[in-house]
>>> print(open('input05.txt').read())   # compact mmCIF, C-alpha atoms
# COMPACT_ATOMS: atom_id res chain seq x y z
CA MET A 899 104.30 80.74 70.30
CA LYS A 900 103.07 81.59 73.80
CA ARG A 901 99.51 81.79 72.56
CA ALA A 902 99.87 78.39 70.89
CA LEU A 903 101.15 76.86 74.13
CA ALA A 904 98.27 78.39 76.07
CA TRP A 905 95.78 76.89 73.64
CA LEU A 906 97.59 73.57 73.85
CA ARG A 907 97.12 73.55 77.64
CA ILE A 908 93.42 74.30 77.32
CA LEU A 909 92.80 71.81 74.52
CA GLY A 910 94.83 69.13 76.32
CA ALA A 911 92.83 69.52 79.51
CA ALA A 912 89.55 69.61 77.58
CA GLY A 913 90.57 66.49 75.66
CA ILE A 914 91.33 64.55 78.85
CA LEU A 915 88.02 65.57 80.42
CA ALA A 916 86.13 64.72 77.22
CA VAL A 917 87.62 61.22 77.15
CA LEU A 918 86.64 60.69 80.79
CA VAL A 919 83.06 61.82 80.14
CA TRP A 920 82.93 59.53 77.11
CA GLN A 921 84.23 56.52 79.05
CA LEU A 922 82.59 57.09 82.45
CA GLY A 923 79.68 59.42 81.72
CA SER A 924 78.96 62.80 83.23
CA ALA A 925 77.57 61.38 86.49
CA ALA A 926 81.00 61.19 88.12
CA PHE A 927 81.53 64.92 87.54
CA LEU A 928 78.03 65.99 88.53
CA ASP A 929 78.07 63.77 91.61
CA GLY A 930 81.26 65.48 92.76
CA LEU A 931 79.68 68.92 92.44
CA GLY A 932 76.55 67.79 94.25
CA ARG A 933 78.43 66.43 97.25
CA ILE A 934 80.03 69.73 98.32
CA SER A 935 78.88 70.49 101.87
CA ALA A 936 79.28 73.28 104.43
CA VAL A 937 81.62 71.08 106.46
CA GLY A 938 83.81 70.51 103.42
CA VAL A 939 83.88 74.24 102.65
CA LEU A 940 84.92 75.13 106.22
CA ALA A 941 87.59 72.41 106.19
CA ALA A 942 88.90 73.73 102.86
CA LEU A 943 89.15 77.28 104.19
CA GLY A 944 90.97 76.14 107.34
CA ILE A 945 93.38 73.80 105.56
CA GLY A 946 93.84 76.37 102.80
CA PHE A 947 94.90 79.00 105.32
CA ALA A 948 97.49 76.62 106.81
CA THR A 949 98.97 75.61 103.44
CA THR A 950 99.01 79.22 102.22
CA LEU A 951 100.78 80.30 105.41
CA PHE A 952 103.39 77.55 104.98
CA SER A 953 103.91 78.40 101.30
CA ALA A 954 104.14 82.11 101.99
CA GLY A 955 106.68 81.47 104.75
CA ARG A 956 108.75 79.42 102.31
CA TRP A 957 108.61 82.27 99.79
CA GLN A 958 109.65 84.78 102.45
CA ILE A 959 112.71 82.71 103.39
CA VAL A 960 113.85 82.37 99.78
CA ALA A 961 113.20 86.01 98.90
CA THR A 962 114.96 87.27 102.02
CA ARG A 963 118.00 85.12 101.31
CA LEU A 964 118.15 86.65 97.84
CA GLY A 965 118.21 90.13 99.37
CA LEU A 966 114.57 91.09 98.72
CA ARG A 967 112.32 92.59 101.36
CA LEU A 968 109.15 90.61 102.00
CA SER A 969 107.06 90.59 105.18
CA LEU A 970 105.06 87.49 106.08
CA ARG A 971 101.82 89.48 106.00
CA THR A 972 102.48 90.68 102.46
CA ALA A 973 103.62 87.21 101.40
CA VAL A 974 100.39 85.60 102.65
CA ALA A 975 98.18 88.19 100.94
CA ASP A 976 100.11 87.96 97.65
CA TYR A 977 100.10 84.16 97.78
CA TYR A 978 96.33 84.07 98.32
CA ARG A 979 95.83 86.38 95.34
CA ALA A 980 98.10 84.22 93.18
CA LEU A 981 96.27 81.02 94.13
CA PHE A 982 92.92 82.57 93.25
CA LEU A 983 94.18 83.83 89.88
CA ASN A 984 95.79 80.45 89.16
CA GLY A 985 92.44 78.78 89.79
CA VAL A 986 90.22 81.04 87.71
CA LEU A 987 92.48 81.97 84.77
CA PRO A 988 93.04 79.46 81.93
CA ALA A 989 96.84 79.23 81.96
CA GLY A 990 96.95 78.07 85.60
CA VAL A 991 100.18 79.95 86.41
CA LEU A 992 99.30 83.59 85.73
CA GLY A 993 98.82 84.23 89.44
CA ASP A 994 102.38 83.17 90.17
CA VAL A 995 103.66 85.25 87.26
CA HIS A 996 101.86 88.31 88.61
CA ARG A 997 103.17 87.60 92.12
CA ALA A 998 106.73 87.34 90.89
CA VAL A 999 106.72 90.43 88.69
CA GLN A 1000 104.87 92.59 91.21
CA HIS A 1001 107.19 91.69 94.06
CA GLY A 1002 110.18 92.27 91.80
CA ARG A 1003 108.91 95.72 90.90
CA ASP A 1004 108.19 96.58 94.53
CA SER A 1005 111.69 95.42 95.47
CA GLY A 1006 113.41 97.16 92.55
CA ASP A 1007 114.74 93.92 91.01
CA VAL A 1008 112.26 92.14 88.74
CA PRO A 1009 114.63 89.33 87.57
CA ARG A 1010 115.49 88.41 91.15
CA GLY A 1011 111.84 88.65 92.19
CA VAL A 1012 110.96 86.19 89.43
CA ARG A 1013 113.77 83.85 90.46
CA ALA A 1014 112.59 83.93 94.08
CA VAL A 1015 109.14 82.69 93.06
CA VAL A 1016 110.56 80.08 90.70
CA LEU A 1017 112.88 78.74 93.41
CA GLU A 1018 110.09 78.73 95.98
CA ARG A 1019 107.82 76.69 93.70
CA THR A 1020 110.76 74.47 92.74
CA ALA A 1021 111.30 73.59 96.40
CA GLY A 1022 107.72 72.38 96.63
CA GLN A 1023 108.08 70.29 93.48
CA ILE A 1024 111.30 68.71 94.75
CA VAL A 1025 109.55 67.55 97.92
CA LEU A 1026 106.55 66.31 95.90
CA VAL A 1027 108.72 64.32 93.48
CA GLY A 1028 110.62 62.88 96.44
CA ALA A 1029 107.33 61.80 98.03
CA ALA A 1030 106.17 60.27 94.74
CA VAL A 1031 109.40 58.28 94.36
CA THR A 1032 109.01 57.07 97.95
CA VAL A 1033 105.46 55.94 97.20
CA VAL A 1034 106.60 54.06 94.11
CA LEU A 1035 109.41 52.29 95.98
CA ALA A 1036 107.45 51.59 99.16
CA SER A 1037 104.09 50.65 97.61
CA PRO A 1038 104.76 49.35 94.09
CA GLY A 1039 101.51 47.38 94.08
CA VAL A 1040 99.30 50.49 94.04
CA VAL A 1041 101.08 52.09 91.10
CA PRO A 1042 100.60 50.92 87.48
CA ASP A 1043 103.81 50.03 85.63
CA ALA A 1044 103.67 53.09 83.36
CA PHE A 1045 103.39 55.43 86.35
CA ARG A 1046 106.21 53.69 88.17
CA GLU A 1047 108.62 54.23 85.29
CA VAL A 1048 107.63 57.87 84.77
CA VAL A 1049 107.99 58.75 88.46
CA VAL A 1050 111.35 57.01 88.86
CA VAL A 1051 112.72 58.66 85.72
CA ALA A 1052 111.47 62.06 86.96
CA GLY A 1053 113.21 61.52 90.28
CA VAL A 1054 116.48 60.50 88.64
CA VAL A 1055 116.38 63.47 86.25
CA LEU A 1056 115.70 65.85 89.14
CA VAL A 1057 118.65 64.54 91.16
CA LEU A 1058 121.00 64.65 88.17
CA ALA A 1059 119.89 68.19 87.28
CA ALA A 1060 120.48 69.39 90.85
CA VAL A 1061 123.92 67.79 91.01
CA ALA A 1062 124.86 69.15 87.57
CA ALA A 1063 123.73 72.66 88.54
CA LEU A 1064 125.81 72.59 91.73
CA VAL A 1065 128.90 71.23 89.95
CA VAL A 1066 128.66 73.70 87.07
CA GLY A 1067 128.07 76.51 89.52
CA ARG A 1068 131.19 75.59 91.47
CA LEU A 1069 133.37 75.24 88.38
CA LEU A 1070 132.13 78.04 86.15
CA GLY A 1071 130.00 80.34 88.27
CA GLY A 1072 132.89 82.54 89.39
CA ARG A 1073 134.16 83.08 85.83
CA TRP A 1074 130.81 83.44 84.10
CA ILE A 1075 129.51 86.04 86.55
CA HIS A 1076 131.79 88.58 84.80
CA SER A 1077 131.34 87.20 81.28
CA PRO A 1078 130.45 89.67 78.48
CA SER A 1079 127.71 87.25 77.42
CA LYS A 1080 124.41 88.12 79.13
CA TRP A 1081 123.34 84.47 78.88
CA ARG A 1082 126.40 83.26 80.80
CA ARG A 1083 126.03 86.03 83.35
CA GLY A 1084 122.36 85.22 83.77
CA PHE A 1085 123.12 81.52 84.16
CA ALA A 1086 125.81 82.24 86.75
CA VAL A 1087 123.51 84.56 88.72
CA THR A 1088 120.72 81.98 88.61
CA LEU A 1089 123.02 79.25 89.94
CA ALA A 1090 124.26 81.57 92.69
CA ASP A 1091 120.66 82.34 93.69
CA LEU A 1092 119.85 78.63 93.58
CA ARG A 1093 122.61 77.84 96.06
CA LEU A 1094 121.79 80.83 98.24
CA GLY A 1095 118.01 80.56 98.11
CA LEU A 1096 117.57 76.78 98.42
CA PHE A 1097 120.70 74.82 99.23
CA SER A 1098 122.55 76.91 101.80
CA ARG A 1099 122.66 75.68 105.39
CA GLU A 1100 120.69 78.73 106.48
CA THR A 1101 117.89 78.04 103.99
CA TRP A 1102 117.22 74.40 103.24
CA PRO A 1103 116.03 73.24 106.71
CA GLY A 1104 113.27 75.86 106.88
CA VAL A 1105 112.35 75.60 103.21
CA GLY A 1106 112.30 71.80 103.37
CA PHE A 1107 110.15 71.74 106.50
CA LEU A 1108 107.63 74.23 105.13
CA SER A 1109 107.49 72.36 101.80
CA ALA A 1110 106.75 69.10 103.61
CA ALA A 1111 104.11 70.83 105.74
CA THR A 1112 102.50 72.30 102.60
CA LEU A 1113 102.40 68.87 100.98
CA ALA A 1114 100.83 67.42 104.13
CA GLY A 1115 98.16 70.12 103.95
CA HIS A 1116 97.34 69.32 100.31
CA LEU A 1117 97.10 65.62 101.12
CA THR A 1118 94.83 66.38 104.08
CA LEU A 1119 92.50 68.34 101.82
CA PHE A 1120 92.54 65.43 99.37
CA VAL A 1121 91.49 63.07 102.16
CA VAL A 1122 88.67 65.47 103.07
CA ALA A 1123 87.62 65.46 99.41
CA ALA A 1124 87.59 61.65 99.40
CA ARG A 1125 85.40 61.54 102.49
CA VAL A 1126 83.04 64.17 101.06
CA ALA A 1127 82.85 62.06 97.89
CA GLY A 1128 81.86 59.03 99.97
CA VAL A 1129 85.10 57.05 99.77
CA ALA A 1130 85.58 55.05 102.97
CA ALA A 1131 88.96 53.50 102.11
CA PRO A 1132 91.70 53.80 104.77
CA VAL A 1133 93.89 56.89 104.68
CA GLY A 1134 96.96 54.69 104.21
CA GLN A 1135 95.49 53.38 100.97
CA LEU A 1136 94.44 56.82 99.72
CA VAL A 1137 97.60 58.84 100.40
CA PRO A 1138 99.85 57.07 97.82
CA LEU A 1139 97.21 57.63 95.14
CA MET A 1140 96.85 61.28 96.10
CA VAL A 1141 100.59 61.96 96.02
CA LEU A 1142 100.66 60.81 92.40
CA ALA A 1143 97.52 62.83 91.62
CA LEU A 1144 99.20 65.96 92.97
CA LEU A 1145 102.24 65.20 90.82
CA ALA A 1146 99.99 64.95 87.76
CA MET A 1147 98.59 68.41 88.47
CA GLY A 1148 102.00 69.82 87.56
CA LEU A 1149 101.69 68.61 83.95
CA PRO A 1150 101.32 71.53 81.51
CA LEU A 1151 97.95 70.29 80.23
CA ASN A 1152 95.57 71.57 82.87
CA VAL A 1153 93.22 74.46 83.49
CA GLY A 1154 93.19 75.41 87.16
CA GLY A 1155 94.42 71.89 87.92
CA PHE A 1156 91.56 70.17 86.07
CA GLY A 1157 92.50 67.66 83.42
CA PRO A 1158 95.42 65.33 84.25
CA ARG A 1159 94.34 65.15 87.90
CA GLU A 1160 90.97 63.64 86.96
CA GLY A 1161 92.57 61.26 84.46
CA VAL A 1162 95.21 60.05 86.91
CA CYS A 1163 92.68 59.64 89.71
CA ALA A 1164 90.43 57.59 87.42
CA LEU A 1165 93.34 55.32 86.49
CA LEU A 1166 94.77 54.96 90.02
CA PHE A 1167 91.45 54.48 91.81
CA GLY A 1168 90.43 51.94 89.18
CA ALA A 1169 93.70 50.02 89.60
CA ALA A 1170 93.28 50.08 93.39
CA GLY A 1171 89.79 48.57 93.12
CA LEU A 1172 88.02 51.74 94.27
CA GLY A 1173 86.40 52.49 90.92
CA ALA A 1174 87.50 54.87 88.16
CA ALA A 1175 84.31 56.91 88.44
CA GLN A 1176 84.92 57.31 92.17
CA GLY A 1177 88.39 58.60 91.42
CA VAL A 1178 86.98 61.26 89.08
CA THR A 1179 84.44 62.30 91.71
CA VAL A 1180 87.18 62.69 94.33
CA ALA A 1181 89.29 64.74 91.91
CA VAL A 1182 86.39 67.05 91.09
CA VAL A 1183 85.57 67.58 94.76
CA TYR A 1184 89.23 68.32 95.47
CA GLY A 1185 89.31 70.84 92.63
CA VAL A 1186 86.24 72.64 93.95
CA LEU A 1187 87.55 72.66 97.53
CA THR A 1188 90.89 73.99 96.29
CA LEU A 1189 89.09 76.86 94.58
CA VAL A 1190 87.10 77.51 97.77
CA ALA A 1191 90.35 77.56 99.76
CA SER A 1192 91.69 80.29 97.45
CA LEU A 1193 88.65 82.57 97.79
CA PRO A 1194 90.34 84.90 100.32
CA GLY A 1195 92.57 85.80 97.38
CA ALA A 1196 89.53 87.31 95.65
CA GLY A 1197 89.10 89.56 98.68
CA VAL A 1198 92.75 90.60 98.50
CA LEU A 1199 92.37 91.34 94.79
CA LEU A 1200 89.22 93.40 95.37
CA VAL A 1201 90.66 95.42 98.27
CA ARG A 1202 93.86 96.24 96.40
CA SER A 1203 91.97 97.12 93.22
CA VAL A 1204 89.76 99.56 95.16
CA ALA A 1205 92.81 101.02 96.92
CA GLY A 1206 94.62 101.45 93.61
CA PHE A 1207 91.58 103.12 92.03
CA ARG A 1208 91.29 105.58 94.92
CA GLU A 1209 95.00 106.34 94.70
CA THR A 1210 94.77 107.17 91.00
CA ARG A 1211 91.70 109.36 91.57
CA ALA A 1212 93.17 111.21 94.56
CA PRO A 1213 94.25 114.82 93.77
CA HIS A 1214 97.93 115.69 93.93
CA THR A 1215 98.63 117.35 97.29
CA GLY A 1216 101.97 118.81 96.38
CA VAL A 1217 103.62 117.26 99.41
CA VAL A 1218 107.36 116.85 98.94
CA PRO A 1219 108.69 113.43 100.03
CA ALA A 1220 110.86 113.41 103.12
CA PRO A 1221 114.60 113.49 102.44
CA ARG A 1222 116.47 110.22 102.51
CA THR A 1223 118.27 109.60 105.76
CA ALA A 1224 121.54 107.89 106.51
CA ALA A 1225 119.61 105.02 108.06
CA ASP A 1226 117.69 104.51 104.80
CA THR A 1227 120.91 104.50 102.82
CA GLY A 1228 122.51 102.06 105.21
CA ILE A 1229 119.60 99.63 104.93
CA GLU A 1230 119.65 99.76 101.13
CA SER A 1231 123.41 99.20 101.12
CA GLU A 1232 123.00 96.18 103.35
CA VAL A 1233 120.33 94.70 101.06
CA GLY A 1234 122.56 95.34 98.05
CA LEU A 1235 125.42 93.48 99.66
CA LYS A 1236 123.18 90.52 100.44
CA SER A 1237 121.98 90.27 96.87
>>> encode(input="input05.txt", output="structure tokens")
Amino acid sequence: MKRALAWLRILGAAGILAVLVWQLGSAAFLDGLGRISAVGVLAALGIGFATTLFSAGRWQIVATRLGLRLSLRTAVADYYRALFLNGVLPAGVLGDVHRAVQHGRDSGDVPRGVRAVVLERTAGQIVLVGAAVTVVLASPGVVPDAFREVVVVAGVVLVLAAVAALVVGRLLGGRWIHSPSKWRRGFAVTLADLRLGLFSRETWPGVGFLSAATLAGHLTLFVVAARVAGVAAPVGQLVPLMVLALLAMGLPLNVGGFGPREGVCALLFGAAGLGAAQGVTVAVVYGVLTLVASLPGAGVLLVRSVAGFRETRAPHTGVVPAPRTAADTGIESEVGLKS
């Protein structure tokens, strides 16, 4: 089943791109690749560092609230590696899966490590959907009717799901946490982590701010991509289109983000009078700049692979680990209580 879904993602993205090439020709894609410049690459690396720092900080807040140890330095390095793997591997999410499982193993709690990453990414999607709904309500003229309905429905479903989760957690969470059913216990633990990791007063201001800052960084890179592609339209006209393009990148029919993004940009730019081919060019440039922004993750992957290889080849020294101290035990107890 998983393999079938993976192939569906790849074939869906390929199908969208094939239709665009058939309708608009290959020039829009090739023009986007040919317009990449040194200035655009430097801008992508700078903006990419800022957005990665914001995202890693968001992850650190969520993970720490769930009782997992995570330094900002480790979070930034792991996030860079995940972004790079997301961009170069077909499924588009394998980097985040690796990040979640590895941090869970390092922390001694894989399920909670996975939930921390899921909640961190969920926070970003909540802010993005909120921005998309705002665009639809504030600038209905730039959004085709079909998009308007989809975005509004997505926003309503998100709000209802959040309210339902909080209500169910309040009513049943205390009883289900001790249920003999592992599904009920898992659901209760997930709801508790949701409240603790996202919606507590100690968490949501920082997570919300960093999510908004991350979104602003992505939009800034999109504007850079538009300028590199030769689009001179005002930023105020471009941003609503780009918010919806970012929302489309979350559809499960993409490879490294390519696919729905190009299709949505073609439709939105065409409806805005900027040209469908121009929209595809902007989307392609953005995709390339996004990959460039993730390149430090390749360095992280290489360094850690070399370090791991040396560790496995190093001879056993016979050194006995130092005994556990009372301070170590006290710290672990504190973390256990928090989780």
>>> closest_residue(input="input05.txt", among="A:Thr1118, A:Thr1188, A:Thr1088, A:Thr1101", to="Arg956 in chain A", atoms="all atoms listed in the file")
A:Thr1101
>>> closest_residue(input="input05.txt", among="A:Ala1090, A:Gly1095, A:Arg1082, A:Tyr977", to="Val1065 in chain A", atoms="all atoms listed in the file")
A:Ala1090
>>> closest_residue(input="input05.txt", among="A:Val1051, A:Pro1038, A:Phe1107, A:Leu1092", to="Ala1063 in chain A", atoms="all atoms listed in the file")
A:Leu1092
>>> closest_residue(input="input05.txt", among="A:Leu1200, A:Val986, A:Leu1189, A:Val1141", to="Val1040 in chain A", atoms="all atoms listed in the file")
A:Val1141
>>> atom_distance(input="input05.txt", atom1="CA of Ala936 in chain A", atom2="CA of Val1122 in chain A")
12.3 Å
>>> residues_around(input="input05.txt", residues="Trp957 in chain A", least_positions_apart="4", cutoff="7 Å", atoms="only C-alpha atoms", output="list in words")
Ser953, Ala961, Val1015 and Glu1018 of chain A
>>> residues_around(input="input05.txt", residues="Val1031 in chain A", least_positions_apart="2", cutoff="9 Å", atoms="all atoms listed in the file", output="list in words")
Leu1026, Val1027, Gly1028, Ala1029, Val1033, Val1034, Leu1035, Ala1036, Arg1046, Val1049, Val1050, Ala1052 and Gly1053 of chain A
>>> write_last_selection(input="input05.txt", atoms="C-alpha atoms", output="short mmCIF file (atom, residue, chain, number, x, y, z; two decimals), in the frame of the given file")
data_model
loop_
_atom_site.label_atom_id
_atom_site.label_comp_id
_atom_site.auth_asym_id
_atom_site.auth_seq_id
_atom_site.Cartn_x
_atom_site.Cartn_y
_atom_site.Cartn_z
CA LEU A 1026 106.55 66.31 95.90
CA VAL A 1027 108.72 64.32 93.48
CA GLY A 1028 110.62 62.88 96.44
CA ALA A 1029 107.33 61.80 98.03
CA VAL A 1033 105.46 55.94 97.20
CA VAL A 1034 106.60 54.06 94.11
CA LEU A 1035 109.41 52.29 95.98
CA ALA A 1036 107.45 51.59 99.16
CA ARG A 1046 106.21 53.69 88.17
CA VAL A 1049 107.99 58.75 88.46
CA VAL A 1050 111.35 57.01 88.86
CA ALA A 1052 111.47 62.06 86.96
CA GLY A 1053 113.21 61.52 90.28
#
>>> atom_distance(input="input05.txt", atom1="CA of Phe1156 in chain A", atom2="CA of Leu1187 in chain A")
12.4 Å
